[in-house]
file final26.txt (compact mmCIF, C-alpha atoms and all ligand atoms)
# COMPACT_ATOMS: atom_id res chain seq x y z
CA MET R 1 28.78 -1.16 15.79
CA LEU R 2 25.85 1.22 16.35
CA GLU R 3 27.58 2.93 19.30
CA LEU R 4 26.09 6.32 18.53
CA LEU R 5 22.50 5.13 18.62
CA THR R 6 23.08 2.95 21.68
CA GLU R 7 24.57 5.82 23.62
CA ARG R 8 21.92 8.34 22.63
CA PHE R 9 18.96 6.00 23.15
CA SER R 10 20.28 5.06 26.60
CA LYS R 11 20.60 8.71 27.56
CA ALA R 12 17.07 9.49 26.40
CA PHE R 13 15.66 6.52 28.32
CA ALA R 14 17.63 7.42 31.45
CA LYS R 15 15.87 10.79 31.62
CA VAL R 16 12.42 9.24 31.91
CA GLU R 17 13.34 6.06 33.72
CA ASN R 18 12.31 7.16 37.19
CA SER R 19 9.09 8.96 36.29
CA ARG R 20 6.01 7.32 37.72
CA LYS R 21 3.84 8.99 35.13
CA LEU R 22 4.92 10.15 31.70
CA THR R 23 3.44 13.45 30.57
CA GLU R 24 2.94 14.29 26.90
CA LYS R 25 5.74 16.82 27.23
CA GLN R 26 8.13 14.19 28.57
CA ILE R 27 7.27 11.89 25.69
CA ASN R 28 7.75 14.70 23.19
CA ASP R 29 11.13 15.60 24.68
CA PHE R 30 12.11 11.96 24.61
CA LEU R 31 11.11 11.65 20.96
CA ARG R 32 13.02 14.80 20.08
CA GLU R 33 16.20 13.25 21.45
CA ILE R 34 15.61 10.01 19.60
CA ARG R 35 14.95 11.98 16.45
CA SER R 36 18.21 13.90 16.61
CA ALA R 37 20.11 10.69 17.41
CA LEU R 38 18.65 8.96 14.36
CA LEU R 39 19.28 11.90 12.05
CA GLU R 40 22.86 12.21 13.33
CA SER R 41 23.30 8.52 12.60
CA ASP R 42 22.52 9.46 8.99
CA ALA R 43 19.19 7.67 8.86
CA ASP R 44 16.67 8.49 6.16
CA TYR R 45 14.49 11.48 7.08
CA ASP R 46 11.15 9.98 6.01
CA VAL R 47 11.83 6.67 7.71
CA VAL R 48 12.67 8.51 10.94
CA LYS R 49 9.52 10.62 10.67
CA ASP R 50 7.22 7.61 10.21
CA PHE R 51 8.95 5.69 12.96
CA LEU R 52 8.54 8.51 15.48
CA LYS R 53 4.92 9.04 14.52
CA ARG R 54 4.12 5.42 15.28
CA VAL R 55 6.07 5.42 18.53
CA ARG R 56 4.33 8.60 19.66
CA GLU R 57 0.84 7.29 18.92
CA LYS R 58 1.46 4.06 20.77
CA ALA R 59 3.34 5.66 23.65
CA LEU R 60 0.52 8.11 24.30
CA GLN R 61 -2.05 5.34 24.43
CA GLU R 62 -2.23 4.30 28.01
CA ASP R 63 -1.67 0.68 28.79
CA ILE R 64 -5.12 -0.17 30.11
CA THR R 65 -4.03 -3.47 31.61
CA LYS R 66 -1.69 -1.46 33.89
CA LYS R 67 0.57 -4.45 33.90
CA VAL R 68 3.57 -2.37 33.05
CA SER R 69 4.71 1.07 34.18
CA PRO R 70 4.54 4.00 31.73
CA PHE R 71 8.30 3.75 31.35
CA GLU R 72 8.16 0.06 30.54
CA HIS R 73 5.34 0.76 28.12
CA LEU R 74 7.53 3.31 26.33
CA LEU R 75 10.48 0.92 26.33
CA LEU R 76 8.41 -1.86 24.84
CA THR R 77 6.87 0.44 22.25
CA VAL R 78 10.25 1.68 21.03
CA TYR R 79 11.56 -1.88 20.89
CA GLU R 80 8.59 -3.19 18.92
CA GLU R 81 8.67 -0.32 16.46
CA LEU R 82 12.43 -0.70 16.02
CA VAL R 83 12.02 -4.37 15.15
CA LYS R 84 9.28 -3.42 12.70
CA VAL R 85 11.31 -0.74 10.97
CA LEU R 86 14.33 -3.05 10.70
CA GLY R 87 12.21 -5.71 8.99
CA GLU R 88 11.83 -9.42 9.36
CA THR R 89 14.52 -12.09 9.42
CA VAL R 90 14.87 -13.44 5.92
CA SER R 91 18.35 -14.77 5.61
CA GLU R 92 17.36 -17.64 3.37
CA LEU R 93 18.47 -17.18 -0.17
CA LYS R 94 16.40 -18.66 -2.94
CA LYS R 95 18.36 -21.37 -4.70
CA GLY R 96 19.61 -20.53 -8.18
CA THR R 97 21.78 -17.76 -9.54
CA VAL R 98 22.44 -15.01 -7.04
CA LEU R 99 23.55 -11.76 -8.62
CA PHE R 100 25.59 -9.34 -6.50
CA VAL R 101 25.49 -5.68 -7.44
CA GLY R 102 26.95 -2.53 -5.94
CA LEU R 103 29.73 -0.05 -6.37
CA GLN R 104 33.44 -0.78 -6.13
CA GLY R 105 34.86 -0.98 -2.64
CA THR R 106 31.63 -1.73 -0.85
CA GLY R 107 32.78 -5.30 -0.13
CA LYS R 108 30.99 -7.15 -2.92
CA THR R 109 33.72 -9.66 -3.71
CA THR R 110 34.52 -10.32 -0.06
CA THR R 111 30.81 -10.87 0.62
CA ILE R 112 30.59 -13.47 -2.15
CA GLY R 113 33.53 -15.33 -0.59
CA LYS R 114 31.86 -15.17 2.83
CA LEU R 115 28.50 -16.35 1.54
CA ALA R 116 30.13 -19.14 -0.46
CA LYS R 117 31.59 -20.39 2.80
CA TYR R 118 28.37 -19.83 4.74
CA LEU R 119 26.30 -21.79 2.22
CA LYS R 120 28.90 -24.50 1.74
CA ASP R 121 29.06 -25.00 5.52
CA LYS R 122 25.30 -25.48 5.47
CA GLY R 123 25.78 -28.34 3.05
CA PHE R 124 24.85 -26.66 -0.21
CA LYS R 125 26.69 -27.05 -3.47
CA VAL R 126 28.11 -23.65 -4.38
CA ALA R 127 30.04 -22.21 -7.32
CA VAL R 128 31.17 -18.67 -8.04
CA SER R 129 31.99 -16.65 -11.10
CA SER R 130 32.78 -13.06 -12.02
CA THR R 131 31.56 -10.91 -14.89
CA ASP R 132 33.87 -8.01 -14.00
CA VAL R 133 35.69 -8.21 -17.32
CA ARG R 134 37.26 -4.79 -17.02
CA ARG R 135 39.02 -5.62 -13.78
CA PRO R 136 41.05 -8.83 -14.05
CA ALA R 137 42.35 -8.17 -10.52
CA ALA R 138 38.81 -8.38 -9.15
CA MET R 139 38.30 -11.69 -10.94
CA LEU R 140 41.54 -13.01 -9.51
CA GLN R 141 40.47 -11.85 -6.03
CA LEU R 142 37.29 -13.92 -6.30
CA GLN R 143 39.16 -16.90 -7.71
CA ARG R 144 41.53 -16.84 -4.70
CA LEU R 145 38.62 -16.59 -2.28
CA ALA R 146 36.92 -19.55 -3.99
CA GLU R 147 40.09 -21.60 -3.62
CA LYS R 148 40.28 -20.71 0.05
CA VAL R 149 36.66 -21.69 0.64
CA GLY R 150 36.96 -24.77 -1.53
CA VAL R 151 34.25 -24.07 -4.10
CA PRO R 152 34.66 -24.01 -7.89
CA TYR R 153 35.39 -20.73 -9.62
CA TYR R 154 34.16 -20.78 -13.21
CA HIS R 155 36.85 -19.37 -15.40
CA PHE R 156 36.42 -18.64 -19.10
CA ASP R 157 38.71 -17.55 -21.89
CA GLU R 158 39.54 -13.89 -22.05
CA GLY R 159 37.55 -11.73 -24.41
CA LEU R 160 34.10 -12.94 -23.46
CA SER R 161 31.54 -10.28 -22.62
CA ALA R 162 30.05 -10.03 -19.13
CA LEU R 163 26.73 -11.25 -20.48
CA GLU R 164 28.32 -14.27 -22.14
CA ILE R 165 30.19 -15.18 -18.94
CA ALA R 166 26.94 -14.96 -16.97
CA LYS R 167 25.13 -17.26 -19.41
CA ARG R 168 27.93 -19.80 -19.59
CA SER R 169 28.36 -19.81 -15.83
CA GLN R 170 24.71 -20.52 -15.38
CA ALA R 171 24.77 -23.34 -17.92
CA LYS R 172 27.79 -24.84 -16.18
CA ALA R 173 26.15 -24.53 -12.77
CA LYS R 174 23.14 -26.40 -14.10
CA GLU R 175 25.34 -29.11 -15.52
CA ASP R 176 27.15 -29.46 -12.20
CA GLY R 177 23.95 -29.58 -10.18
CA VAL R 178 24.93 -26.50 -8.17
CA ASP R 179 22.46 -25.13 -5.59
CA TYR R 180 23.84 -21.61 -5.60
CA LEU R 181 25.79 -19.87 -8.31
CA LEU R 182 27.13 -16.64 -6.80
CA LEU R 183 27.76 -14.21 -9.61
CA ASP R 184 29.89 -11.11 -9.14
CA THR R 185 29.24 -8.13 -11.39
CA ALA R 186 31.29 -5.15 -12.50
CA GLY R 187 32.53 -2.88 -9.77
CA ARG R 188 32.58 0.76 -10.75
CA LEU R 189 33.25 3.85 -8.74
CA HIS R 190 30.08 5.54 -9.94
CA ILE R 191 26.74 4.53 -11.33
CA ASP R 192 26.60 4.94 -15.09
CA GLU R 193 24.17 4.00 -17.83
CA GLU R 194 26.49 1.41 -19.32
CA LEU R 195 26.75 -0.43 -16.00
CA MET R 196 23.00 -0.43 -15.55
CA GLU R 197 22.45 -1.71 -19.07
CA GLU R 198 24.98 -4.47 -18.56
CA LEU R 199 23.33 -5.52 -15.29
CA SER R 200 19.86 -5.39 -16.81
CA SER R 201 20.88 -7.55 -19.72
CA ILE R 202 22.51 -10.08 -17.37
CA LYS R 203 19.40 -10.09 -15.23
CA SER R 204 17.14 -10.72 -18.24
CA ALA R 205 19.38 -13.49 -19.54
CA VAL R 206 19.84 -15.49 -16.32
CA SER R 207 16.61 -14.67 -14.40
CA PRO R 208 18.43 -14.71 -11.06
CA SER R 209 16.76 -16.14 -7.97
CA GLU R 210 18.13 -13.17 -6.04
CA VAL R 211 19.61 -9.78 -6.86
CA LEU R 212 21.50 -8.64 -3.79
CA TYR R 213 22.71 -5.11 -3.33
CA VAL R 214 25.91 -4.87 -1.34
CA ALA R 215 25.87 -1.71 0.74
CA ASP R 216 28.69 -0.24 2.77
CA ALA R 217 27.20 0.67 6.16
CA MET R 218 29.79 3.40 6.63
CA GLN R 219 28.51 5.31 3.60
CA GLY R 220 25.36 6.41 5.36
CA GLN R 221 22.70 8.08 3.22
CA GLU R 222 24.89 7.83 0.14
CA ALA R 223 24.49 4.05 0.31
CA LEU R 224 20.71 4.48 0.42
CA ARG R 225 20.72 6.88 -2.49
CA ILE R 226 22.74 4.46 -4.62
CA ALA R 227 20.60 1.49 -3.56
CA LYS R 228 17.49 3.36 -4.71
CA VAL R 229 18.98 3.82 -8.18
CA PHE R 230 19.93 0.14 -8.44
CA HIS R 231 16.47 -0.86 -7.25
CA GLU R 232 14.70 1.39 -9.75
CA LYS R 233 16.89 0.34 -12.66
CA ILE R 234 17.27 -3.38 -12.13
CA GLY R 235 15.10 -4.45 -9.20
CA LEU R 236 16.63 -5.87 -6.03
CA THR R 237 15.43 -8.74 -3.86
CA GLY R 238 17.57 -7.94 -0.83
CA ALA R 239 20.68 -6.34 0.56
CA VAL R 240 23.82 -7.25 2.41
CA LEU R 241 25.14 -4.58 4.73
CA THR R 242 28.92 -4.71 4.96
CA LYS R 243 31.37 -3.14 7.43
CA MET R 244 28.88 -3.07 10.26
CA ASP R 245 31.87 -3.64 12.55
CA GLY R 246 33.21 -0.22 11.64
CA ASP R 247 29.91 1.61 11.62
CA ALA R 248 29.28 3.57 14.81
CA ARG R 249 26.21 5.35 13.42
CA GLY R 250 23.82 2.73 12.11
CA GLY R 251 21.69 4.93 9.84
CA VAL R 252 21.73 2.52 6.92
CA ALA R 253 20.76 -0.48 9.04
CA PHE R 254 17.89 1.56 10.44
CA SER R 255 16.60 2.92 7.12
CA LEU R 256 17.27 0.48 4.31
CA ARG R 257 14.35 -1.89 4.85
CA SER R 258 11.77 0.85 5.13
CA ALA R 259 13.23 3.23 2.56
CA LEU R 260 13.45 0.60 -0.18
CA GLY R 261 11.03 -2.11 0.84
CA ILE R 262 13.68 -4.80 0.48
CA PRO R 263 15.06 -6.89 3.34
CA ILE R 264 18.59 -6.77 4.66
CA LYS R 265 19.53 -10.44 4.53
CA PHE R 266 23.06 -10.51 5.91
CA VAL R 267 25.55 -8.24 7.62
CA GLY R 268 29.31 -8.22 7.23
CA VAL R 269 31.08 -7.76 10.54
CA GLY R 270 34.76 -8.01 9.65
CA GLU R 271 37.26 -8.81 6.95
CA LYS R 272 37.58 -12.54 7.51
CA LEU R 273 35.62 -15.18 5.61
CA GLU R 274 33.57 -16.16 8.65
CA ASP R 275 32.61 -12.55 9.44
CA ILE R 276 29.08 -12.70 8.09
CA GLU R 277 25.81 -13.14 9.96
CA PRO R 278 22.14 -13.32 9.07
CA PHE R 279 20.46 -10.00 9.84
CA TYR R 280 18.43 -10.32 13.05
CA PRO R 281 16.20 -7.25 13.58
CA ASP R 282 15.47 -8.16 17.21
CA ARG R 283 19.17 -8.40 18.08
CA ILE R 284 19.93 -5.11 16.35
CA ALA R 285 17.01 -3.46 18.16
CA GLN R 286 18.26 -4.79 21.49
CA ARG R 287 21.70 -3.49 20.71
CA ILE R 288 20.38 -0.03 19.85
CA MET R 289 18.43 0.07 23.09
CA GLY R 290 21.58 -0.74 25.09
P1 LIG P 1 34.43 -4.73 -3.89
O1 LIG P 1 35.22 -3.75 -4.67
O2 LIG P 1 33.04 -4.23 -3.65
O3 LIG P 1 34.44 -6.11 -4.43
O4 LIG P 1 35.07 -4.75 -2.43
P2 LIG P 1 36.03 -5.81 -1.73
O5 LIG P 1 35.33 -7.08 -1.49
O6 LIG P 1 37.32 -5.86 -2.45
O7 LIG P 1 36.20 -5.12 -0.29
C1 LIG P 1 36.76 -3.83 -0.13
C2 LIG P 1 37.42 -3.74 1.25
O8 LIG P 1 36.42 -3.84 2.26
C3 LIG P 1 38.39 -4.88 1.53
O9 LIG P 1 39.50 -4.35 2.20
C4 LIG P 1 37.60 -5.80 2.45
O10 LIG P 1 38.44 -6.55 3.33
C5 LIG P 1 36.76 -4.82 3.22
N1 LIG P 1 35.51 -5.41 3.77
C6 LIG P 1 34.54 -6.06 3.13
N2 LIG P 1 33.54 -6.42 3.97
C7 LIG P 1 33.90 -5.98 5.20
C8 LIG P 1 33.30 -6.02 6.50
O11 LIG P 1 32.19 -6.54 6.73
N3 LIG P 1 34.00 -5.43 7.52
C9 LIG P 1 35.21 -4.84 7.32
N4 LIG P 1 35.81 -4.28 8.37
N5 LIG P 1 35.79 -4.77 6.11
C10 LIG P 1 35.17 -5.33 5.06

call {"tool": "encode", "arguments": {"input": "final26.txt", "output": "structure tokens", "more": "lines below"}}
Ligand code: GDP
result
Amino acid sequence: MLELLTERFSKAFAKVENSRKLTEKQINDFLREIRSALLESDADYDVVKDFLKRVREKALQEDITKKVSPFEHLLLTVYEELVKVLGETVSELKKGTVLFVGLQGTGKTTTIGKLAKYLKDKGFKVAVSSTDVRRPAAMLQLQRLAEKVGVPYYHFDEGLSALEIAKRSQAKAKEDGVDYLLLDTAGRLHIDEELMEELSSIKSAVSPSEVLYVADAMQGQEALRIAKVFHEKIGLTGAVLTKMDGDARGGVAFSLRSALGIPIKFVGVGEKLEDIEPFYPDRIAQRIMG
């Protein structure tokens, strides 16, 4: 997880670590290394540019209290700006119907299983359902996960439309006094108009408390590009970043919050049901800084 950034940030810091004073040139060289590390990690260009601008401004301002060395001042500045760019901790999910959107293979269904367990373990009443009518195998996958976690899976007769399943699931969740209805949506390989229309109509009909985009961390900028389309077309309230355990680069984690203005709420760190964690910007920043 994030090995590339950790290694490159450590190297850049090591070069200035023993300097008693930091010249503007040293700071510029340092920032150049950080910049190439971030771009190689497949971070968003504009997010990187803004981040470096802020670090540079702060780093060049001398610490008038002289309480810390110039190196420590730089270290602290990078840390604070990293935490800022990564966003705040907002792992709470608003109670109600939580809609999960994203392309096939990103880990959407697995994430619903993980969150069902996470919320159930916290004492909430959870139910799940799937509107992926074109892929019975995906529905079955969610049903199995629900059984494993021990939460109800709402199953309806074949032939119902995705929209109808969403509405009926919500009505049933209300009847059952469920805190969170986790609703899976169609998984497609590509974004298409039909998918967006289906999701929009579901969103209008059930007024979800959350619309979470499930992003595969390993997809780099492609994940950001797709997230932007989903956000423009249907409006997202947050994201879950999956496969962080396999992502050595970290560009999506770095960019998503700032590029889209929506928080990353959880990260997937493995294939098992318990492999999900709230997204902690300070921990990720510490990790990046080595
Ligand atoms: P969906 O098509 O978006 O519903 O994707 P699935 O939930 O079926 O997941 C696709 C693959 O990604 C499966 O093999 C999952 O086990 C795997 N997967 C999901 N989340 C994670 C994660 O956080 N880490 C790892 N290593 N694998 C994951």

call {"tool": "residues_near_ligand", "arguments": {"input": "final26.txt", "ligand": "ligand LIG 1 (chain P)", "cutoff": "7 Å", "atoms": "only C-alpha atoms and all ligand atoms", "output": "PyMOL selection string"}}
result
chain R and resi 102-111+138+187+242-246+267-271+275

call {"tool": "write_last_selection", "arguments": {"input": "final26.txt", "atoms": "C-alpha atoms", "output": "mmCIF file, in the coordinates of the input"}}
result
data_model
loop_
_atom_site.group_PDB
_atom_site.id
_atom_site.type_symbol
_atom_site.label_atom_id
_atom_site.label_comp_id
_atom_site.auth_asym_id
_atom_site.auth_seq_id
_atom_site.Cartn_x
_atom_site.Cartn_y
_atom_site.Cartn_z
ATOM 1 C CA GLY R 102 26.950 -2.530 -5.940
ATOM 2 C CA LEU R 103 29.730 -0.050 -6.370
ATOM 3 C CA GLN R 104 33.440 -0.780 -6.130
ATOM 4 C CA GLY R 105 34.860 -0.980 -2.640
ATOM 5 C CA THR R 106 31.630 -1.730 -0.850
ATOM 6 C CA GLY R 107 32.780 -5.300 -0.130
ATOM 7 C CA LYS R 108 30.990 -7.150 -2.920
ATOM 8 C CA THR R 109 33.720 -9.660 -3.710
ATOM 9 C CA THR R 110 34.520 -10.320 -0.060
ATOM 10 C CA THR R 111 30.810 -10.870 0.620
ATOM 11 C CA ALA R 138 38.810 -8.380 -9.150
ATOM 12 C CA GLY R 187 32.530 -2.880 -9.770
ATOM 13 C CA THR R 242 28.920 -4.710 4.960
ATOM 14 C CA LYS R 243 31.370 -3.140 7.430
ATOM 15 C CA MET R 244 28.880 -3.070 10.260
ATOM 16 C CA ASP R 245 31.870 -3.640 12.550
ATOM 17 C CA GLY R 246 33.210 -0.220 11.640
ATOM 18 C CA VAL R 267 25.550 -8.240 7.620
ATOM 19 C CA GLY R 268 29.310 -8.220 7.230
ATOM 20 C CA VAL R 269 31.080 -7.760 10.540
ATOM 21 C CA GLY R 270 34.760 -8.010 9.650
ATOM 22 C CA GLU R 271 37.260 -8.810 6.950
ATOM 23 C CA ASP R 275 32.610 -12.550 9.440
#

call {"tool": "closest_residue", "arguments": {"input": "final26.txt", "among": "R:Leu93, R:Val252, R:Ala162, R:Leu145", "to": "Asp179 in chain R", "atoms": "only C-alpha atoms"}}
result
R:Leu93

call {"tool": "closest_atom_pairs", "arguments": {"input": "final26.txt", "of": "range 64-143 of chain R", "to": "range 18-25 of chain R", "cutoff": "8 Å", "atoms": "only C-alpha atoms", "output": "CSV"}}
result
residue,atom,partner,partner_atom,distance
R:Ser69,CA,R:Arg20,CA,7.3
R:Pro70,CA,R:Lys21,CA,6.1
R:Phe71,CA,R:Ser19,CA,7.2

call {"tool": "write_last_selection", "arguments": {"input": "final26.txt", "atoms": "C-alpha atoms", "output": "tab-separated table (two decimals), keeping the file's coordinate frame"}}
result
chain	number	residue	atom	x	y	z
R	69	SER	CA	4.71	1.07	34.18
R	70	PRO	CA	4.54	4.00	31.73
R	71	PHE	CA	8.30	3.75	31.35

call {"tool": "residues_near_point", "arguments": {"input": "final26.txt", "point": "(7.4, 1.1, 20.0)", "cutoff": "12 Å", "atoms": "only C-alpha atoms", "output": "ChimeraX atom specification"}}
result
/R:31,50-61,71-85,285,289

call {"tool": "residues_around", "arguments": {"input": "final26.txt", "residues": "Lys114 in chain R", "least_positions_apart": "2", "cutoff": "8 Å", "atoms": "all atoms listed in the file", "output": "list in words"}}
result
Thr110, Thr111, Ile112, Ala116, Lys117, Tyr118, Lys272, Leu273, Glu274, Asp275 and Ile276 of chain R

call {"tool": "residues_near_point", "arguments": {"input": "final26.txt", "point": "(19.4, -2.4, -12.0)", "cutoff": "8 Å", "atoms": "all atoms listed in the file", "output": "list of chain:residue names"}}
result
R:Met196, R:Glu197, R:Leu199, R:Ser200, R:Val229, R:Phe230, R:His231, R:Glu232, R:Lys233, R:Ile234, R:Gly235, R:Leu236

call {"tool": "residues_around", "arguments": {"input": "final26.txt", "residues": "Glu92 in chain R", "least_positions_apart": "3", "cutoff": "9 Å", "atoms": "all atoms listed in the file", "output": "count of residues only"}}
result
4

call {"tool": "closest_residue", "arguments": {"input": "final26.txt", "among": "R:Asp192, R:Glu17, R:Glu40, R:Glu164", "to": "Arg249 in chain R", "atoms": "all atoms listed in the file"}}
result
R:Glu40

call {"tool": "atom_distance", "arguments": {"input": "final26.txt", "atom1": "CA of Arg144 in chain R", "atom2": "CA of Gln170 in chain R"}}
result
20.3 Å

call {"tool": "residues_around", "arguments": {"input": "final26.txt", "residues": "Asp44 in chain R", "least_positions_apart": "5", "cutoff": "12 Å", "atoms": "all atoms listed in the file", "output": "list in words"}}
result
Arg35, Ser36, Ala37, Leu38, Leu39, Lys49, Asp50, Phe51, Val85, Gly220, Gln221, Glu222, Ala223, Leu224, Arg225, Gly250, Gly251, Val252, Ala253, Phe254, Ser255, Leu256, Arg257, Ser258, Ala259 and Leu260 of chain R

call {"tool": "residues_around", "arguments": {"input": "final26.txt", "residues": "range 122-126 of chain R", "least_positions_apart": "4", "cutoff": "8 Å", "atoms": "only C-alpha atoms", "output": "list in words"}}
result
Ala116, Tyr118, Val151, Pro152, Gly177, Val178, Asp179, Tyr180, Leu181 and Leu182 of chain R

call {"tool": "residues_around", "arguments": {"input": "final26.txt", "residues": "Val211 in chain R", "least_positions_apart": "4", "cutoff": "8 Å", "atoms": "all atoms listed in the file", "output": "list in words"}}
result
Val98, Leu99, Phe100, Val101, Gly235, Leu236, Thr237 and Gly238 of chain R

call {"tool": "write_last_selection", "arguments": {"input": "final26.txt", "atoms": "C-alpha atoms", "output": "tab-separated table (two decimals), in the coordinates of the input"}}
result
chain	number	residue	atom	x	y	z
R	98	VAL	CA	22.44	-15.01	-7.04
R	99	LEU	CA	23.55	-11.76	-8.62
R	100	PHE	CA	25.59	-9.34	-6.50
R	101	VAL	CA	25.49	-5.68	-7.44
R	235	GLY	CA	15.10	-4.45	-9.20
R	236	LEU	CA	16.63	-5.87	-6.03
R	237	THR	CA	15.43	-8.74	-3.86
R	238	GLY	CA	17.57	-7.94	-0.83

call {"tool": "atom_distance", "arguments": {"input": "final26.txt", "atom1": "CA of Ala173 in chain R", "atom2": "CA of Val206 in chain R"}}
result
11.6 Å

call {"tool": "closest_residue", "arguments": {"input": "final26.txt", "among": "R:Arg135, R:Gly159, R:Val90, R:Ala127", "to": "Glu147 in chain R", "atoms": "all atoms listed in the file"}}
result
R:Ala127

call {"tool": "closest_residue", "arguments": {"input": "final26.txt", "among": "R:Asp216, R:Asp29, R:Glu210, R:Asp42", "to": "Lys94 in chain R", "atoms": "only C-alpha atoms"}}
result
R:Glu210

call {"tool": "atom_distance", "arguments": {"input": "final26.txt", "atom1": "CA of Leu183 in chain R", "atom2": "CA of Ser169 in chain R"}}
result
8.4 Å
